[in-house]
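Have a look at run-v3.cif; it's mmCIF, C-alpha atoms and all ligand atoms:
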data_data
#
loop_
_atom_site.label_atom_id
_atom_site.label_comp_id
_atom_site.auth_asym_id
_atom_site.auth_seq_id
_atom_site.Cartn_x
_atom_site.Cartn_y
_atom_site.Cartn_z
CA MET A 1 52.86 90.41 43.06
CA GLN A 2 55.17 87.58 42.09
CA ARG A 3 56.30 84.59 44.06
CA ILE A 4 60.01 84.84 44.76
CA SER A 5 62.22 81.87 44.02
CA VAL A 6 65.28 81.73 46.27
CA THR A 7 67.25 78.99 44.55
CA GLU A 8 70.72 77.97 45.74
CA ALA A 9 72.24 79.99 42.87
CA VAL A 10 70.23 83.08 43.83
CA TRP A 11 71.31 82.91 47.46
CA LYS A 12 74.96 82.31 46.55
CA ARG A 13 74.81 85.40 44.35
CA ILE A 14 73.24 87.45 47.15
CA LEU A 15 75.99 86.37 49.59
CA ALA A 16 78.60 87.26 46.94
CA VAL A 17 77.01 90.68 46.55
CA LYS A 18 77.15 91.10 50.32
CA SER A 19 80.85 90.25 50.37
CA GLY A 20 81.44 92.69 47.49
CA THR A 21 82.64 90.00 45.07
CA SER A 22 79.75 90.00 42.61
CA CYS A 23 77.11 92.17 41.01
CA LEU A 24 73.34 91.93 40.72
CA CYS A 25 73.09 92.88 37.08
CA CYS A 26 74.51 89.80 35.31
CA GLY A 27 73.16 86.27 34.94
CA ASP A 28 70.40 84.31 33.32
CA TRP A 29 67.58 84.24 35.83
CA SER A 30 63.91 83.30 35.77
CA SER A 31 61.47 86.11 36.53
CA ASN A 32 60.85 84.74 40.07
CA GLU A 33 64.59 84.50 40.71
CA ARG A 34 65.00 88.10 39.53
CA ASP A 35 62.36 89.20 42.05
CA ALA A 36 64.29 87.42 44.81
CA LEU A 37 67.50 89.16 43.68
CA ARG A 38 65.69 92.52 43.77
CA LEU A 39 64.28 91.90 47.26
CA TYR A 40 67.48 90.68 48.94
CA GLY A 41 69.90 92.59 46.71
CA ALA A 42 68.55 95.87 48.11
CA LEU A 43 69.80 94.78 51.53
CA ALA A 44 72.95 92.94 50.47
CA SER A 45 74.54 95.71 48.39
CA ALA A 46 77.30 97.72 50.02
CA THR A 47 76.05 101.23 50.74
CA GLU A 48 77.69 104.53 51.51
CA VAL A 49 76.05 104.74 54.93
CA PRO A 50 75.32 101.98 57.47
CA GLN A 51 71.90 100.54 56.91
CA PHE A 52 69.19 99.67 59.43
CA PHE A 53 66.30 97.47 58.36
CA ALA A 54 63.46 95.91 60.33
CA GLN A 55 61.16 92.94 59.97
CA ILE A 56 57.96 92.04 61.76
CA GLY A 57 55.82 88.97 61.24
CA GLN A 58 52.13 89.49 61.96
CA SER A 59 48.69 87.97 61.55
CA LEU A 60 45.87 89.17 59.27
CA ASP A 61 44.50 91.11 62.26
CA GLY A 62 47.82 92.83 62.92
CA ARG A 63 48.96 90.85 65.98
CA VAL A 64 52.51 89.66 66.65
CA ALA A 65 51.75 87.26 69.51
CA THR A 66 48.86 85.85 71.54
CA VAL A 67 47.85 87.45 74.84
CA SER A 68 49.96 84.81 76.63
CA GLY A 69 52.97 85.85 74.52
CA ASP A 70 53.07 82.90 72.10
CA ALA A 71 54.71 84.29 68.94
CA GLN A 72 56.52 81.16 67.78
CA ASP A 73 54.36 80.10 64.83
CA ILE A 74 52.86 83.31 63.53
CA SER A 75 55.02 83.29 60.43
CA GLY A 76 54.71 80.28 58.14
CA ALA A 77 57.71 78.21 57.03
CA ASP A 78 58.60 80.59 54.19
CA GLY A 79 58.21 83.64 56.43
CA LEU A 80 60.65 82.08 58.89
CA ALA A 81 63.13 81.27 56.12
CA HIS A 82 62.85 84.91 55.03
CA LEU A 83 63.67 86.09 58.56
CA HIS A 84 66.74 83.85 58.67
CA ARG A 85 67.89 85.25 55.30
CA LEU A 86 67.61 88.75 56.74
CA ARG A 87 69.73 87.67 59.72
CA ALA A 88 72.31 86.27 57.30
CA LEU A 89 72.49 89.64 55.53
CA ALA A 90 72.95 91.56 58.78
CA ASP A 91 76.15 92.14 60.78
CA ALA A 92 74.03 92.59 63.89
CA VAL A 93 70.46 91.91 65.01
CA VAL A 94 68.71 94.07 67.62
CA ILE A 95 65.78 93.10 69.85
CA GLY A 96 64.03 94.68 72.82
CA VAL A 97 64.29 92.98 76.19
CA LYS A 98 60.61 91.99 76.18
CA THR A 99 61.16 89.85 73.09
CA ALA A 100 64.27 88.35 74.69
CA LEU A 101 62.30 87.47 77.83
CA HIS A 102 59.09 86.26 76.09
CA ASP A 103 60.53 84.35 73.14
CA SER A 104 64.06 83.35 74.24
CA PRO A 105 65.16 83.67 70.59
CA GLN A 106 68.53 82.26 69.51
CA LEU A 107 68.95 84.93 66.81
CA THR A 108 71.11 82.52 64.80
CA VAL A 109 70.98 81.72 61.07
CA ARG A 110 69.64 78.19 60.75
CA LEU A 111 67.23 78.22 57.79
CA ALA A 112 69.60 79.83 55.29
CA GLU A 113 73.29 79.73 54.46
CA GLY A 114 75.17 82.56 56.15
CA GLU A 115 76.96 83.69 59.27
CA ASN A 116 75.36 84.44 62.61
CA PRO A 117 75.08 88.18 63.20
CA ALA A 118 76.07 89.80 66.49
CA ARG A 119 73.17 89.79 68.99
CA ILE A 120 72.14 93.02 70.62
CA VAL A 121 69.49 93.37 73.32
CA ILE A 122 68.18 96.78 74.39
CA ASP A 123 67.74 96.26 78.12
CA PRO A 124 67.72 99.63 79.90
CA ASN A 125 66.92 98.19 83.33
CA GLY A 126 69.18 95.14 83.23
CA ARG A 127 66.27 92.68 83.25
CA LEU A 128 67.80 90.06 80.95
CA PRO A 129 69.25 87.23 83.09
CA ASN A 130 72.90 86.36 82.49
CA ASP A 131 71.96 82.75 81.77
CA ALA A 132 69.74 83.71 78.81
CA GLY A 133 70.55 81.37 75.91
CA LEU A 134 71.39 84.17 73.48
CA LEU A 135 74.06 85.45 75.90
CA LEU A 136 75.52 82.00 76.66
CA ASP A 137 75.87 80.89 73.02
CA THR A 138 79.31 82.13 71.98
CA SER A 139 78.86 81.69 68.20
CA ALA A 140 78.52 85.48 67.78
CA ARG A 141 79.27 88.73 69.57
CA ARG A 142 76.75 89.55 72.28
CA ILE A 143 76.02 93.10 73.31
CA VAL A 144 73.58 94.49 75.87
CA ILE A 145 72.55 98.13 75.74
CA GLN A 146 71.81 99.31 79.26
CA ALA A 147 71.00 102.51 81.11
CA CYS A 148 72.07 100.98 84.45
CA ASP A 149 75.03 99.09 85.86
CA ALA A 150 73.74 95.49 85.74
CA PRO A 151 76.84 93.25 85.71
CA ARG A 152 77.45 91.02 82.66
CA ALA A 153 79.86 88.15 81.90
CA ASP A 154 83.31 89.19 80.66
CA ASP A 155 82.62 88.03 77.11
CA VAL A 156 79.37 90.04 76.86
CA GLU A 157 79.89 93.64 75.76
CA VAL A 158 77.89 96.39 77.46
CA ILE A 159 77.00 99.70 75.90
CA ARG A 160 75.98 102.11 78.63
CA LEU A 161 73.70 104.89 77.35
CA LYS A 162 71.69 107.51 79.13
CA ARG A 163 67.93 107.53 78.89
CA ASP A 164 65.41 110.31 78.90
CA GLY A 165 62.33 108.11 79.11
CA TRP A 166 63.57 106.07 76.12
CA ILE A 167 67.20 105.67 75.15
CA SER A 168 67.48 107.71 71.97
CA ALA A 169 67.48 105.47 68.88
CA HIS A 170 70.04 107.89 67.38
CA ASP A 171 72.40 107.24 70.31
CA ILE A 172 71.95 103.50 69.84
CA ALA A 173 72.59 103.78 66.10
CA GLN A 174 75.70 105.88 66.69
CA ALA A 175 77.06 103.37 69.21
CA LEU A 176 76.48 100.49 66.78
CA ARG A 177 78.17 102.38 63.95
CA GLY A 178 81.09 102.97 66.32
CA LEU A 179 81.39 99.20 66.74
CA GLY A 180 81.69 98.88 62.96
CA PHE A 181 78.27 97.42 62.13
CA GLN A 182 77.19 98.30 58.58
CA LYS A 183 73.95 96.36 58.34
CA VAL A 184 71.67 96.05 61.33
CA LEU A 185 68.41 94.09 61.46
CA VAL A 186 65.91 95.36 64.05
CA GLU A 187 63.90 92.21 64.69
CA GLY A 188 61.34 93.35 67.23
CA GLY A 189 59.20 93.64 68.99
CA GLY A 190 56.93 96.36 67.75
CA VAL A 191 58.00 98.85 70.45
CA THR A 192 61.67 98.56 69.52
CA ILE A 193 61.07 98.77 65.78
CA ALA A 194 58.83 101.83 66.27
CA GLN A 195 61.68 103.67 68.04
CA PHE A 196 63.95 103.26 65.01
CA LEU A 197 61.14 103.94 62.53
CA GLU A 198 60.04 107.19 64.17
CA ALA A 199 63.64 108.36 64.50
CA GLY A 200 63.90 108.08 60.70
CA LEU A 201 66.68 105.53 60.96
CA LEU A 202 65.17 102.63 59.01
CA HIS A 203 66.02 102.17 55.35
CA ARG A 204 63.61 99.29 54.88
CA LEU A 205 60.70 97.86 56.85
CA HIS A 206 59.55 94.34 56.04
CA VAL A 207 56.07 93.42 57.24
CA ALA A 208 55.34 89.74 56.64
CA ILE A 209 51.67 88.88 56.92
CA ALA A 210 50.62 85.31 57.61
CA PRO A 211 47.07 84.15 56.91
CA LEU A 212 45.82 83.55 60.44
CA LEU A 213 43.59 85.43 62.87
CA ILE A 214 44.61 85.68 66.53
CA GLY A 215 41.89 87.96 67.91
CA SER A 216 43.93 89.78 70.55
CA GLY A 217 47.51 90.13 71.75
CA PRO A 218 50.27 92.68 71.13
CA GLN A 219 49.92 94.66 67.93
CA GLY A 220 52.65 94.99 65.33
CA LEU A 221 54.11 98.47 65.32
CA SER A 222 53.22 100.81 68.16
CA THR A 223 53.90 104.17 66.56
CA THR A 224 52.67 107.53 67.84
CA PRO A 225 48.93 108.02 67.10
CA ILE A 226 48.06 110.50 64.35
CA PRO A 227 44.86 112.61 64.22
CA SER A 228 44.05 112.10 60.56
CA LEU A 229 44.91 109.76 57.71
CA ALA A 230 46.45 112.69 55.85
CA GLU A 231 49.36 112.42 58.30
CA ALA A 232 49.87 108.68 57.82
CA MET A 233 53.24 107.44 56.69
CA ARG A 234 52.75 106.02 53.19
CA PRO A 235 56.04 104.50 52.11
CA GLU A 236 56.71 103.22 48.63
CA THR A 237 55.91 99.53 48.96
CA HIS A 238 56.71 96.41 46.95
CA THR A 239 54.80 93.21 47.66
CA TYR A 240 56.25 89.73 47.38
CA ASP A 241 54.61 86.32 47.65
CA LEU A 242 56.95 84.39 49.95
CA GLY A 243 54.77 81.25 49.75
CA SER A 244 53.28 80.86 53.23
CA ASP A 245 53.28 84.65 53.89
CA VAL A 246 52.90 87.89 51.93
CA LEU A 247 55.68 90.41 52.35
CA PHE A 248 55.32 94.18 52.24
CA ASP A 249 58.77 95.61 51.54
CA CYS A 250 58.55 99.28 52.54
CA VAL A 251 61.19 101.62 51.17
CA LEU A 252 61.85 104.30 53.79
CA ALA A 253 65.13 105.68 52.45
CA ALA A 254 66.77 105.06 49.14
CA ASN A 255 69.99 103.04 49.10
CA ARG A 256 72.98 104.70 47.59
CA PRO A 257 74.92 101.58 46.62
CA THR A 258 78.68 101.83 46.26
CA ALA A 259 80.28 100.48 43.09
CA ILE A 260 80.00 96.70 42.82
CA PRO A 261 82.37 94.75 40.55
CA CYS A 262 80.45 93.51 37.51
CA ALA A 263 81.02 89.91 36.38
CA HIS A 264 81.07 90.93 32.70
N1 LIG B 301 55.92 88.28 65.33
C1 LIG B 301 57.09 88.89 65.37
O1 LIG B 301 57.71 89.17 64.34
C2 LIG B 301 57.66 89.26 66.69
C3 LIG B 301 58.99 89.71 66.75
C4 LIG B 301 59.49 90.08 67.99
C5 LIG B 301 58.68 90.02 69.13
N2 LIG B 301 57.40 89.57 69.03
C6 LIG B 301 56.52 89.56 70.22
O2 LIG B 301 56.40 90.91 70.63
C7 LIG B 301 56.26 90.97 72.05
C8 LIG B 301 57.31 91.91 72.62
O3 LIG B 301 57.34 93.08 71.85
P1 LIG B 301 57.19 94.53 72.51
O4 LIG B 301 57.04 95.46 71.37
O5 LIG B 301 56.15 94.49 73.57
O6 LIG B 301 58.58 94.71 73.26
P2 LIG B 301 60.10 94.74 72.72
O7 LIG B 301 60.22 95.71 71.60
O8 LIG B 301 60.57 93.37 72.50
O9 LIG B 301 60.84 95.29 74.02
C9 LIG B 301 60.50 96.56 74.50
C10 LIG B 301 61.35 96.86 75.71
O10 LIG B 301 62.72 96.93 75.33
C11 LIG B 301 63.32 98.05 75.95
N3 LIG B 301 63.58 99.06 74.92
C12 LIG B 301 63.50 98.89 73.57
N4 LIG B 301 63.88 100.02 72.94
C13 LIG B 301 64.20 100.90 73.90
C14 LIG B 301 64.68 102.24 73.90
N5 LIG B 301 64.90 102.89 72.74
N6 LIG B 301 64.89 102.85 75.07
C15 LIG B 301 64.68 102.22 76.24
N7 LIG B 301 64.23 100.95 76.31
C16 LIG B 301 64.00 100.30 75.16
C17 LIG B 301 62.33 98.53 77.00
O11 LIG B 301 62.60 97.73 78.14
P3 LIG B 301 62.01 97.99 79.62
O12 LIG B 301 60.61 97.42 79.57
O13 LIG B 301 62.90 97.25 80.55
O14 LIG B 301 62.00 99.48 79.85
C18 LIG B 301 61.01 98.20 76.32
O15 LIG B 301 59.91 98.12 77.18
C19 LIG B 301 56.43 89.57 72.56
O16 LIG B 301 55.14 89.02 72.81
C20 LIG B 301 57.08 88.84 71.40
O17 LIG B 301 56.72 87.49 71.40
C21 LIG B 301 56.87 89.19 67.84
#

Take the structure in this file and express it as structure tokens.
Ligand SMILES: NC(=O)c1ccc[n+]([C@@H]2O[C@H](COP(=O)([O-])OP(=O)(O)OC[C@H]3O[C@@H](n4cnc5c(N)ncnc54)[C@H](OP(=O)(O)O)[C@@H]3O)[C@@H](O)[C@H]2O)c1
Amino acid sequence: MQRISVTEAVWKRILAVKSGTSCLCCGDWSSNERDALRLYGALASATEVPQFFAQIGQSLDGRVATVSGDAQDISGADGLAHLHRLRALADAVVIGVKTALHDSPQLTVRLAEGENPARIVIDPNGRLPNDAGLLLDTSARRIVIQACDAPRADDVEVIRLKRDGWISAHDIAQALRGLGFQKVLVEGGGVTIAQFLEAGLLHRLHVAIAPLLIGSGPQGLSTTPIPSLAEAMRPETHTYDLGSDVLFDCVLAANRPTAIPCAH
């Protein structure tokens, strides 16, 4: 496991790869910079199919918040910077309504250079109040996915989908593709990420582990229980030392990158 080094030059290259104006193969990089290019390049490269990736920040004992719902400082400074880089690489970021209500996240890019992605909240019962900060801040598109007719402001888009217990993650993915999103970050919580994971829609899952123990509180991913370890999902995994946190980069589906112009 190597510590990644996200220098200004590395991040500029990653943003250029995202915009399709540069390649990943050229350049004189240190070994730690090359690891950073590998980690973020896998998400930045243009691909043949829209890409969904997820990130969860958790403690050593697998918790994502305290019992009272405090999730603010689970990830260390470098884990937070990593999350903001993922937002910068995404066209849209998706959260479940419980995260919106508990954490009031802004879902903006503040700890990295890059544009704010569209904000999408899955809120089947229309529980998110219209004065939630992430709906009022007009610096990005705002979309609520609902299974009911809760009224929203004119500048907030509503996707109305049917539910059968859950709203199908495939239906959500199809609706987001229809809106033109190519890269979608599923940012939590664990229930929402699990829906996309179990539907086989995630290309990458990032689990960032911070060295603290919380004792109780919501667990990371709440996937369907399995009877034996033989049935456990065992994705190919690369580990990265972010600094304050350790990142498990799980490869769930291979990228098929489209041709990128090479600088040489
Ligand atoms: N450490 C981290 O990285 C991190 C990140 C995010 C959140 N969190 C923490 O995680 C906790 C919340 O996470 P959570 O897993 O309990 O909830 P969540 O994923 O934030 O939200 C789940 C809710 O969203 C709606 N939802 C999501 N997907 C749906 C689907 N496919 N179909 C229908 N409804 C869907 C449902 O709303 P209804 O309940 O209305 O049916 C569901 O109960 C909070 O404590 C938050 O602080 C931590």

Could you check how far CA of Ala199 in chain A sits from CA of Lys162 in chain A, in Å to one decimal? 16.7 Å

Residues of chain A at most 7 Å from ligand LIG 301 (chain B): nearest atom pair and distance in Å, only C-alpha atoms and all ligand atoms, as CSV:
residue,atom,partner,partner_atom,distance
A:Gln55,CA,B:LIG301,O1,6.7
A:Ile56,CA,B:LIG301,O1,3.9
A:Gly57,CA,B:LIG301,O1,3.6
A:Gln58,CA,B:LIG301,N1,5.2
A:Val64,CA,B:LIG301,N1,3.9
A:Ala65,CA,B:LIG301,O16,5.0
A:Gly69,CA,B:LIG301,O16,4.2
A:Asp70,CA,B:LIG301,O17,5.9
A:Ala71,CA,B:LIG301,O17,4.5
A:Ile74,CA,B:LIG301,N1,6.1
A:Ile95,CA,B:LIG301,O8,5.9
A:Gly96,CA,B:LIG301,O9,3.5
A:Val97,CA,B:LIG301,O10,4.3
A:Lys98,CA,B:LIG301,O8,3.9
A:Thr99,CA,B:LIG301,O8,3.6
A:Ala100,CA,B:LIG301,O8,6.6
A:His102,CA,B:LIG301,O17,5.4
A:Asp103,CA,B:LIG301,O17,5.2
A:Ile122,CA,B:LIG301,N3,5.2
A:Asp123,CA,B:LIG301,C11,5.2
A:Pro124,CA,B:LIG301,N7,5.2
A:Asn125,CA,B:LIG301,O13,5.0
A:Arg127,CA,B:LIG301,O13,6.3
A:Arg163,CA,B:LIG301,N6,6.8
A:Gly165,CA,B:LIG301,C15,7.0
A:Trp166,CA,B:LIG301,N6,3.6
A:Ile167,CA,B:LIG301,N6,3.6
A:Ser168,CA,B:LIG301,N5,5.5
A:Ala169,CA,B:LIG301,N5,5.3
A:Glu187,CA,B:LIG301,C3,5.9
A:Gly188,CA,B:LIG301,C4,3.8
A:Gly189,CA,B:LIG301,O3,3.5
A:Gly190,CA,B:LIG301,O4,3.7
A:Val191,CA,B:LIG301,O4,3.6
A:Thr192,CA,B:LIG301,O7,3.8
A:Ile193,CA,B:LIG301,O7,6.6
A:Gln195,CA,B:LIG301,N5,5.8
A:Pro218,CA,B:LIG301,C7,6.3

Identify, on the basis of only C-alpha atoms, every residue whose closest approach to Ala42 in chain A does not exceed 12 Å; exclude the query and any residue fewer than 4 positions from it along the same chain; express the result as JSON, numbers by chain. {"A": [14, 17, 18, 23, 24, 35, 36, 37, 38, 46, 47, 51, 52, 53, 86, 89, 183, 203, 204, 205, 238, 249, 250, 251, 253, 254, 255, 256, 257, 258]}

Nearest to Ala173 in chain A among A:Gly200, A:Pro117, A:Gly62, A:Pro105, with distances taken over all atoms listed in the file: which residue is it?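 For Ala173 in chain A, the nearest of the candidates is A:Gly200.
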
How many Å lie between CA of Asp245 in chain A and CA of Ala92 in chain A, rounded to one decimal? 24.4 Å

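Across A:Arg34, A:His170, A:Arg13, A:His82, the tightest approach to Ser244 in chain A is made by A:His82 when counting only C-alpha atoms.
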
Go ahead and compute the interatomic distance for CA of Glu113 in chain A and CA of Ala88 in chain A, in Å to one decimal. 7.2 Å

Do a neighbour search on Phe181 in chain A at 9 Å with all atoms listed in the file, toss out local chain neighbours closer than 3 positions, and write the hits as a PyMOL selection string. chain A and resi 50-51+90-92+176-178+184

For Pro211 in chain A, list every protein, DNA or RNA residue within 12 Å, evaluated using only C-alpha atoms, and leave out those in the same chain fewer than 2 positions away; present the list as a PyMOL selection string. chain A and resi 57-63+73-76+79+208-209+213-214+243-247

Kindly indicate which residue among A:Leu242, A:Leu128, A:Asp171, A:Gln2 lies nearest to Leu83 in chain A, using only C-alpha atoms for the distances.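 Looking only at the distances to Leu83 in chain A, the closest residue turns out to be A:Leu242.
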
Selected residue of minimal separation from Glu198 in chain A among A:Leu252, A:Ala230, A:Leu134, A:Leu212, counting all atoms listed in the file: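 Once distances to Glu198 in chain A are computed over all atoms listed in the file, the minimum belongs to A:Leu252.
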
Which is closest to Asp154 in chain A among A:Leu135, A:Leu15, A:Ile172, A:Leu202, if we use all atoms listed in the file? A:Leu135

Rank nothing, just name the residue among A:Arg119, A:Lys12, A:Arg3, A:Arg141 nearest to Asp78 in chain A, using all atoms listed in the file. A:Arg3

Near Arg87 in chain A, within 7 Å and counting only C-alpha atoms, which residues show up once chain neighbours fewer than 6 positions away are dropped, as a ChimeraX atom specification? /A:93,109,117,185

Reconstructed range 47-61 of chain A, atom set N, CA, C and O atoms, as an mmCIF file, keeping the file's coordinate frame:
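New file selection_25.cif:
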data_model
loop_
_atom_site.group_PDB
_atom_site.id
_atom_site.type_symbol
_atom_site.label_atom_id
_atom_site.label_comp_id
_atom_site.auth_asym_id
_atom_site.auth_seq_id
_atom_site.Cartn_x
_atom_site.Cartn_y
_atom_site.Cartn_z
ATOM 1 N N THR A 47 76.587 99.869 50.867
ATOM 2 C CA THR A 47 76.050 101.230 50.740
ATOM 3 C C THR A 47 77.012 102.229 51.367
ATOM 4 O O THR A 47 77.887 101.861 52.149
ATOM 5 N N GLU A 48 76.797 103.479 51.007
ATOM 6 C CA GLU A 48 77.690 104.530 51.510
ATOM 7 C C GLU A 48 77.528 104.729 53.009
ATOM 8 O O GLU A 48 78.455 105.096 53.703
ATOM 9 N N VAL A 49 76.303 104.530 53.490
ATOM 10 C CA VAL A 49 76.050 104.740 54.930
ATOM 11 C C VAL A 49 75.562 103.426 55.535
ATOM 12 O O VAL A 49 74.949 102.618 54.844
ATOM 13 N N PRO A 50 75.843 103.192 56.830
ATOM 14 C CA PRO A 50 75.320 101.980 57.470
ATOM 15 C C PRO A 50 73.811 101.919 57.328
ATOM 16 O O PRO A 50 73.124 102.941 57.292
ATOM 17 N N GLN A 51 73.317 100.724 57.235
ATOM 18 C CA GLN A 51 71.900 100.540 56.910
ATOM 19 C C GLN A 51 71.188 99.811 58.050
ATOM 20 O O GLN A 51 71.680 98.795 58.543
ATOM 21 N N PHE A 52 70.038 100.331 58.435
ATOM 22 C CA PHE A 52 69.190 99.670 59.430
ATOM 23 C C PHE A 52 67.921 99.209 58.727
ATOM 24 O O PHE A 52 67.284 99.990 58.021
ATOM 25 N N PHE A 53 67.569 97.949 58.908
ATOM 26 C CA PHE A 53 66.300 97.470 58.360
ATOM 27 C C PHE A 53 65.589 96.649 59.421
ATOM 28 O O PHE A 53 66.215 96.120 60.336
ATOM 29 N N ALA A 54 64.252 96.588 59.300
ATOM 30 C CA ALA A 54 63.460 95.910 60.330
ATOM 31 C C ALA A 54 62.518 94.919 59.680
ATOM 32 O O ALA A 54 62.143 95.070 58.508
ATOM 33 N N GLN A 55 62.146 93.917 60.449
ATOM 34 C CA GLN A 55 61.160 92.940 59.970
ATOM 35 C C GLN A 55 60.216 92.601 61.106
ATOM 36 O O GLN A 55 60.624 92.479 62.254
ATOM 37 N N ILE A 56 58.939 92.496 60.771
ATOM 38 C CA ILE A 56 57.960 92.040 61.760
ATOM 39 C C ILE A 56 57.029 91.047 61.081
ATOM 40 O O ILE A 56 56.621 91.259 59.943
ATOM 41 N N GLY A 57 56.739 89.972 61.774
ATOM 42 C CA GLY A 57 55.820 88.970 61.240
ATOM 43 C C GLY A 57 54.499 89.091 61.977
ATOM 44 O O GLY A 57 54.478 89.043 63.209
ATOM 45 N N GLN A 58 53.406 89.281 61.262
ATOM 46 C CA GLN A 58 52.130 89.490 61.960
ATOM 47 C C GLN A 58 50.988 88.739 61.294
ATOM 48 O O GLN A 58 51.116 88.248 60.170
ATOM 49 N N SER A 59 49.871 88.677 62.037
ATOM 50 C CA SER A 59 48.690 87.970 61.550
ATOM 51 C C SER A 59 47.851 88.891 60.670
ATOM 52 O O SER A 59 48.133 90.085 60.555
ATOM 53 N N LEU A 60 46.775 88.346 60.091
ATOM 54 C CA LEU A 60 45.870 89.170 59.270
ATOM 55 C C LEU A 60 45.271 90.301 60.096
ATOM 56 O O LEU A 60 44.967 91.372 59.570
ATOM 57 N N ASP A 61 45.063 90.059 61.406
ATOM 58 C CA ASP A 61 44.500 91.110 62.260
ATOM 59 C C ASP A 61 45.593 91.893 63.008
ATOM 60 O O ASP A 61 45.339 92.502 64.048
#
